[in-house]
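Trainee: There's a structure below that I have some questions on.
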Number of protein chains: 2
Amino acid sequence: MDFLEIMRERKSCRAYDPSKKVTREELLKIVEAGRLTPSGCNSQPWKFIVVDSPEAKEKLCDALVLENNVSGAPWRHQVPAFILFVEQKAKVMQCVVDHYGNTQRFAQGDLGAACMNMCHQAFSMGLSTCVIGMNDQKKMEKYFGIPEGNEVRLVLAIGHSAEKSSFAKVRKELKEVCSFNFWE
Amino acid sequence: MDFLEIMRERKSCRAYDPSKKVTREELLKIVEAGRLTPSGCNSQPWKFIVVDSPEAKEKLCDALVLENNVSGAPWRHQVPAFILFVEQKAKVMQCVVDHYGNTQRFAQGDLGAACMNMCHQAFSMGLSTCVIGMNDQKKMEKYFGIPEGNEVRLVLAIGHSAEKSSFAKVRKELKEVCSFNFWE
């Protein structure tokens, strides 16, 4: 399969069928795609917390609500399983610290790549996903025993789609995002 | 194809055959995988600069050298083509700015995902890649006309592998990176 077919077909899903569960076996295959992801200095600066019990999901749904009752995922209560991406202190080469002054220069990009790979793996298993960016860090620490300062960067929703209609992918035109040999 | 096969087989490549070129058509297919990448609030906070001319590649090779003559890519002179990932100011929803205090909360993760997707696309075309994390931002701005402050986050090397031996992927064990419903 040309990988571009996955890029064209896979879409974020914002309606899930709560009657169709995702098994631990399926979740572990998805996590495996994250575990194998390359990272800066191979630091693997991540912890993945799979959330699939009813009690933990209820807590998570609350941690996805922010001030003014805003949530990036109003459809969250129908999701069968989630994965939390927690950024860890990265063990990088000294020259990285010398140049950039910190160890986390690559960490967010690494977590973004790991999450993308889990989306692809879920897609290749017939499952749908959506990345949720916003969360209440303090609630995350309280509900999931995450040590203070270990930031939850992303939350991935996983399940079987219940979307009734499809929509076209909206992206900037090629000329707007790409040039050759010089900034344009 | 199970996506995990790509995750298991694709490896970073640090030796390229300079006699085997990468065509513009191939490069544009790779860029397309980046262009289609999902991003926070669909902000697509990126510019991709493809570097494939001899003059531009020479400049880039210099911009990949840091203080004390350190480079993360001593093999860079053999690479047929590169893509620069320049982070752009992200247009995100107001609630993101309200909660996190800035527009760039998701940008680095988005660029990491776009770069990962380009690696997969190249792999599915029989090409090899390596992500180079460190660069001299000031030289990048000077050599490629990048407006000040538009940070080059990643550089992707693309070409045909000339590696003589293979190596095993080294990753943390599952139990070290994954737990269920609570931090462990």
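Identifiers for the structure tokens are assigned positionally: chains receive A, B, ... in sequence, residues are indexed from 1 per chain, and ligands are indexed from 1 in the order shown.
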Starting from chain A, keep only residues with some atom at most 7 Å from an atom of chain B, counting only C-alpha atoms, and report them as number ranges by chain.
Mentor: A: 1-4, 7, 33, 36, 40, 46-53, 56, 108-113, 116, 120-121, 124, 133, 144-146, 171, 177-183
Trainee: Please write the residues from the selection above to a file, keeping N, CA and C atoms, as an mmCIF file, in the first residue's frame.
Mentor:
data_model
loop_
_atom_site.group_PDB
_atom_site.id
_atom_site.type_symbol
_atom_site.label_atom_id
_atom_site.label_comp_id
_atom_site.auth_asym_id
_atom_site.auth_seq_id
_atom_site.Cartn_x
_atom_site.Cartn_y
_atom_site.Cartn_z
ATOM 1 N N MET A 1 0.844 -1.212 0.000
ATOM 2 C CA MET A 1 0.000 0.000 0.000
ATOM 3 C C MET A 1 0.874 1.254 0.000
ATOM 4 N N ASP A 2 0.585 2.149 -0.895
ATOM 5 C CA ASP A 2 1.258 3.447 -0.875
ATOM 6 C C ASP A 2 0.814 4.167 0.397
ATOM 7 N N PHE A 3 1.775 4.633 1.169
ATOM 8 C CA PHE A 3 1.436 5.284 2.432
ATOM 9 C C PHE A 3 0.505 6.487 2.233
ATOM 10 N N LEU A 4 0.606 7.147 1.084
ATOM 11 C CA LEU A 4 -0.273 8.303 0.819
ATOM 12 C C LEU A 4 -1.754 7.927 0.886
ATOM 13 N N MET A 7 -2.675 8.483 4.328
ATOM 14 C CA MET A 7 -2.746 9.932 4.595
ATOM 15 C C MET A 7 -4.032 10.529 4.037
ATOM 16 N N ALA A 33 2.941 0.774 18.190
ATOM 17 C CA ALA A 33 3.346 1.724 17.140
ATOM 18 C C ALA A 33 3.949 2.984 17.755
ATOM 19 N N LEU A 36 7.590 2.110 19.218
ATOM 20 C CA LEU A 36 8.634 1.949 18.194
ATOM 21 C C LEU A 36 9.012 3.268 17.509
ATOM 22 N N GLY A 40 14.348 12.072 19.182
ATOM 23 C CA GLY A 40 15.621 12.785 19.247
ATOM 24 C C GLY A 40 16.577 12.101 20.206
ATOM 25 N N TRP A 46 8.597 9.615 26.724
ATOM 26 C CA TRP A 46 7.144 9.468 26.855
ATOM 27 C C TRP A 46 6.741 8.368 27.822
ATOM 28 N N LYS A 47 5.555 8.593 28.391
ATOM 29 C CA LYS A 47 4.807 7.526 29.074
ATOM 30 C C LYS A 47 3.421 7.539 28.455
ATOM 31 N N PHE A 48 2.903 6.355 28.172
ATOM 32 C CA PHE A 48 1.558 6.218 27.619
ATOM 33 C C PHE A 48 0.651 5.614 28.698
ATOM 34 N N ILE A 49 -0.395 6.318 29.066
ATOM 35 C CA ILE A 49 -1.360 5.746 30.015
ATOM 36 C C ILE A 49 -2.636 5.422 29.248
ATOM 37 N N VAL A 50 -2.915 4.119 29.138
ATOM 38 C CA VAL A 50 -4.139 3.668 28.465
ATOM 39 C C VAL A 50 -5.298 3.796 29.449
ATOM 40 N N VAL A 51 -6.360 4.448 29.022
ATOM 41 C CA VAL A 51 -7.519 4.654 29.901
ATOM 42 C C VAL A 51 -8.708 3.929 29.294
ATOM 43 N N ASP A 52 -9.109 2.825 29.936
ATOM 44 C CA ASP A 52 -10.224 2.049 29.374
ATOM 45 C C ASP A 52 -11.213 1.549 30.420
ATOM 46 N N SER A 53 -10.953 1.801 31.704
ATOM 47 C CA SER A 53 -11.939 1.380 32.720
ATOM 48 C C SER A 53 -12.999 2.473 32.848
ATOM 49 N N ALA A 56 -11.926 5.283 35.339
ATOM 50 C CA ALA A 56 -10.847 6.148 34.855
ATOM 51 C C ALA A 56 -11.337 7.021 33.700
ATOM 52 N N GLN A 108 8.458 17.445 22.351
ATOM 53 C CA GLN A 108 7.079 17.626 21.874
ATOM 54 C C GLN A 108 6.902 17.051 20.475
ATOM 55 N N GLY A 109 7.908 17.249 19.623
ATOM 56 C CA GLY A 109 7.833 16.669 18.281
ATOM 57 C C GLY A 109 7.822 15.157 18.328
ATOM 58 N N ASP A 110 8.595 14.594 19.253
ATOM 59 C CA ASP A 110 8.637 13.135 19.407
ATOM 60 C C ASP A 110 7.262 12.607 19.827
ATOM 61 N N LEU A 111 6.624 13.287 20.767
ATOM 62 C CA LEU A 111 5.293 12.841 21.204
ATOM 63 C C LEU A 111 4.274 12.993 20.074
ATOM 64 N N GLY A 112 4.414 14.063 19.296
ATOM 65 C CA GLY A 112 3.511 14.242 18.156
ATOM 66 C C GLY A 112 3.648 13.103 17.155
ATOM 67 N N ALA A 113 4.895 12.678 16.926
ATOM 68 C CA ALA A 113 5.140 11.571 15.998
ATOM 69 C C ALA A 113 4.580 10.261 16.551
ATOM 70 N N MET A 116 0.846 10.306 16.167
ATOM 71 C CA MET A 116 0.488 10.112 14.749
ATOM 72 C C MET A 116 0.589 8.633 14.385
ATOM 73 N N HIS A 120 -2.234 5.965 12.859
ATOM 74 C CA HIS A 120 -2.098 5.120 11.663
ATOM 75 C C HIS A 120 -2.336 3.647 11.999
ATOM 76 N N GLN A 121 -1.788 3.206 13.139
ATOM 77 C CA GLN A 121 -1.949 1.806 13.516
ATOM 78 C C GLN A 121 -3.430 1.493 13.753
ATOM 79 N N SER A 124 -5.193 1.239 10.499
ATOM 80 C CA SER A 124 -4.908 -0.002 9.760
ATOM 81 C C SER A 124 -5.626 -1.198 10.395
ATOM 82 N N GLY A 133 -6.113 18.026 22.183
ATOM 83 C CA GLY A 133 -4.926 18.767 22.594
ATOM 84 C C GLY A 133 -5.021 19.384 23.976
ATOM 85 N N PHE A 144 -4.806 10.665 37.905
ATOM 86 C CA PHE A 144 -4.026 9.526 37.386
ATOM 87 C C PHE A 144 -2.692 9.317 38.107
ATOM 88 N N GLY A 145 -2.489 10.075 39.205
ATOM 89 C CA GLY A 145 -1.265 9.883 39.991
ATOM 90 C C GLY A 145 -0.005 10.291 39.247
ATOM 91 N N ILE A 146 -0.174 11.216 38.298
ATOM 92 C CA ILE A 146 0.982 11.676 37.512
ATOM 93 C C ILE A 146 1.799 12.650 38.367
ATOM 94 N N ARG A 171 -6.923 21.394 3.618
ATOM 95 C CA ARG A 171 -5.506 21.689 3.815
ATOM 96 C C ARG A 171 -5.083 22.880 2.950
ATOM 97 N N VAL A 177 2.661 26.068 1.323
ATOM 98 C CA VAL A 177 3.461 25.427 2.375
ATOM 99 C C VAL A 177 4.815 24.914 1.893
ATOM 100 N N CYS A 178 5.078 24.989 0.584
ATOM 101 C CA CYS A 178 6.307 24.367 0.076
ATOM 102 C C CYS A 178 7.029 25.250 -0.935
ATOM 103 N N SER A 179 8.347 25.351 -0.786
ATOM 104 C CA SER A 179 9.157 26.043 -1.798
ATOM 105 C C SER A 179 10.452 25.252 -1.997
ATOM 106 N N PHE A 180 11.207 25.613 -3.018
ATOM 107 C CA PHE A 180 12.441 24.888 -3.331
ATOM 108 C C PHE A 180 13.679 25.768 -3.141
ATOM 109 N N ASN A 181 14.560 25.311 -2.271
ATOM 110 C CA ASN A 181 15.892 25.888 -2.094
ATOM 111 C C ASN A 181 15.938 27.293 -1.507
ATOM 112 N N PHE A 182 14.769 27.889 -1.247
ATOM 113 C CA PHE A 182 14.728 29.227 -0.648
ATOM 114 C C PHE A 182 13.332 29.468 -0.104
ATOM 115 N N TRP A 183 13.250 30.298 0.917
ATOM 116 C CA TRP A 183 11.959 30.687 1.496
ATOM 117 C C TRP A 183 11.136 31.457 0.478
#
Trainee: As a count of residues only, please: every residue in region 19-163 of chain A that a backbone DSSP assignment puts in alpha helix (DSSP H).
Mentor: 55
Trainee: Could you go through region 11-171 of chain A and tell me which residues DSSP, when run on the backbone, assigns to strand (DSSP E or B), listing them as a short mmCIF file (atom, residue, chain, number, x, y, z; two decimals) with C-alpha atoms, in the first residue's frame?
Mentor:
data_model
loop_
_atom_site.label_atom_id
_atom_site.label_comp_id
_atom_site.auth_asym_id
_atom_site.auth_seq_id
_atom_site.Cartn_x
_atom_site.Cartn_y
_atom_site.Cartn_z
CA SER A 12 -10.20 12.48 12.75
CA TYR A 16 -18.00 7.00 18.46
CA TRP A 46 7.14 9.47 26.86
CA LYS A 47 4.81 7.53 29.07
CA PHE A 48 1.56 6.22 27.62
CA ILE A 49 -1.36 5.75 30.02
CA VAL A 50 -4.14 3.67 28.47
CA VAL A 51 -7.52 4.65 29.90
CA ALA A 81 -10.71 4.06 25.14
CA PHE A 82 -8.11 6.80 25.39
CA ILE A 83 -4.34 7.02 25.56
CA LEU A 84 -2.60 9.83 27.47
CA PHE A 85 0.79 11.03 26.21
CA VAL A 86 2.89 12.24 29.11
CA GLU A 87 6.11 14.09 28.28
CA SER A 128 -10.95 5.58 14.37
CA THR A 129 -9.11 8.20 16.40
CA CYS A 130 -9.04 11.85 17.32
CA VAL A 131 -6.22 13.77 19.00
CA ILE A 132 -7.40 16.00 21.86
CA VAL A 152 0.09 15.55 29.52
CA ARG A 153 0.72 16.79 26.00
CA LEU A 154 -1.92 14.92 24.05
CA VAL A 155 -4.87 12.61 24.58
CA LEU A 156 -5.87 10.15 21.86
CA ALA A 157 -9.48 8.96 21.60
CA ILE A 158 -9.89 5.50 20.05
CA GLY A 159 -12.99 3.59 18.98
CA SER A 161 -16.74 5.46 14.22
#
Trainee: Record the distance separating CA of Glu163 (chain A) and CA of Met140 (chain A), expressed in Å with one decimal.
Mentor: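 Atom-to-atom, CA of Glu163 (chain A) and CA of Met140 (chain A) are spaced 28.4 Å apart.
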Trainee: Do you have the CA of Trp75 (chain A)-CA of Gln88 (chain A) distance handy?
Mentor: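 Distance between the two atoms: 28.6 Å.
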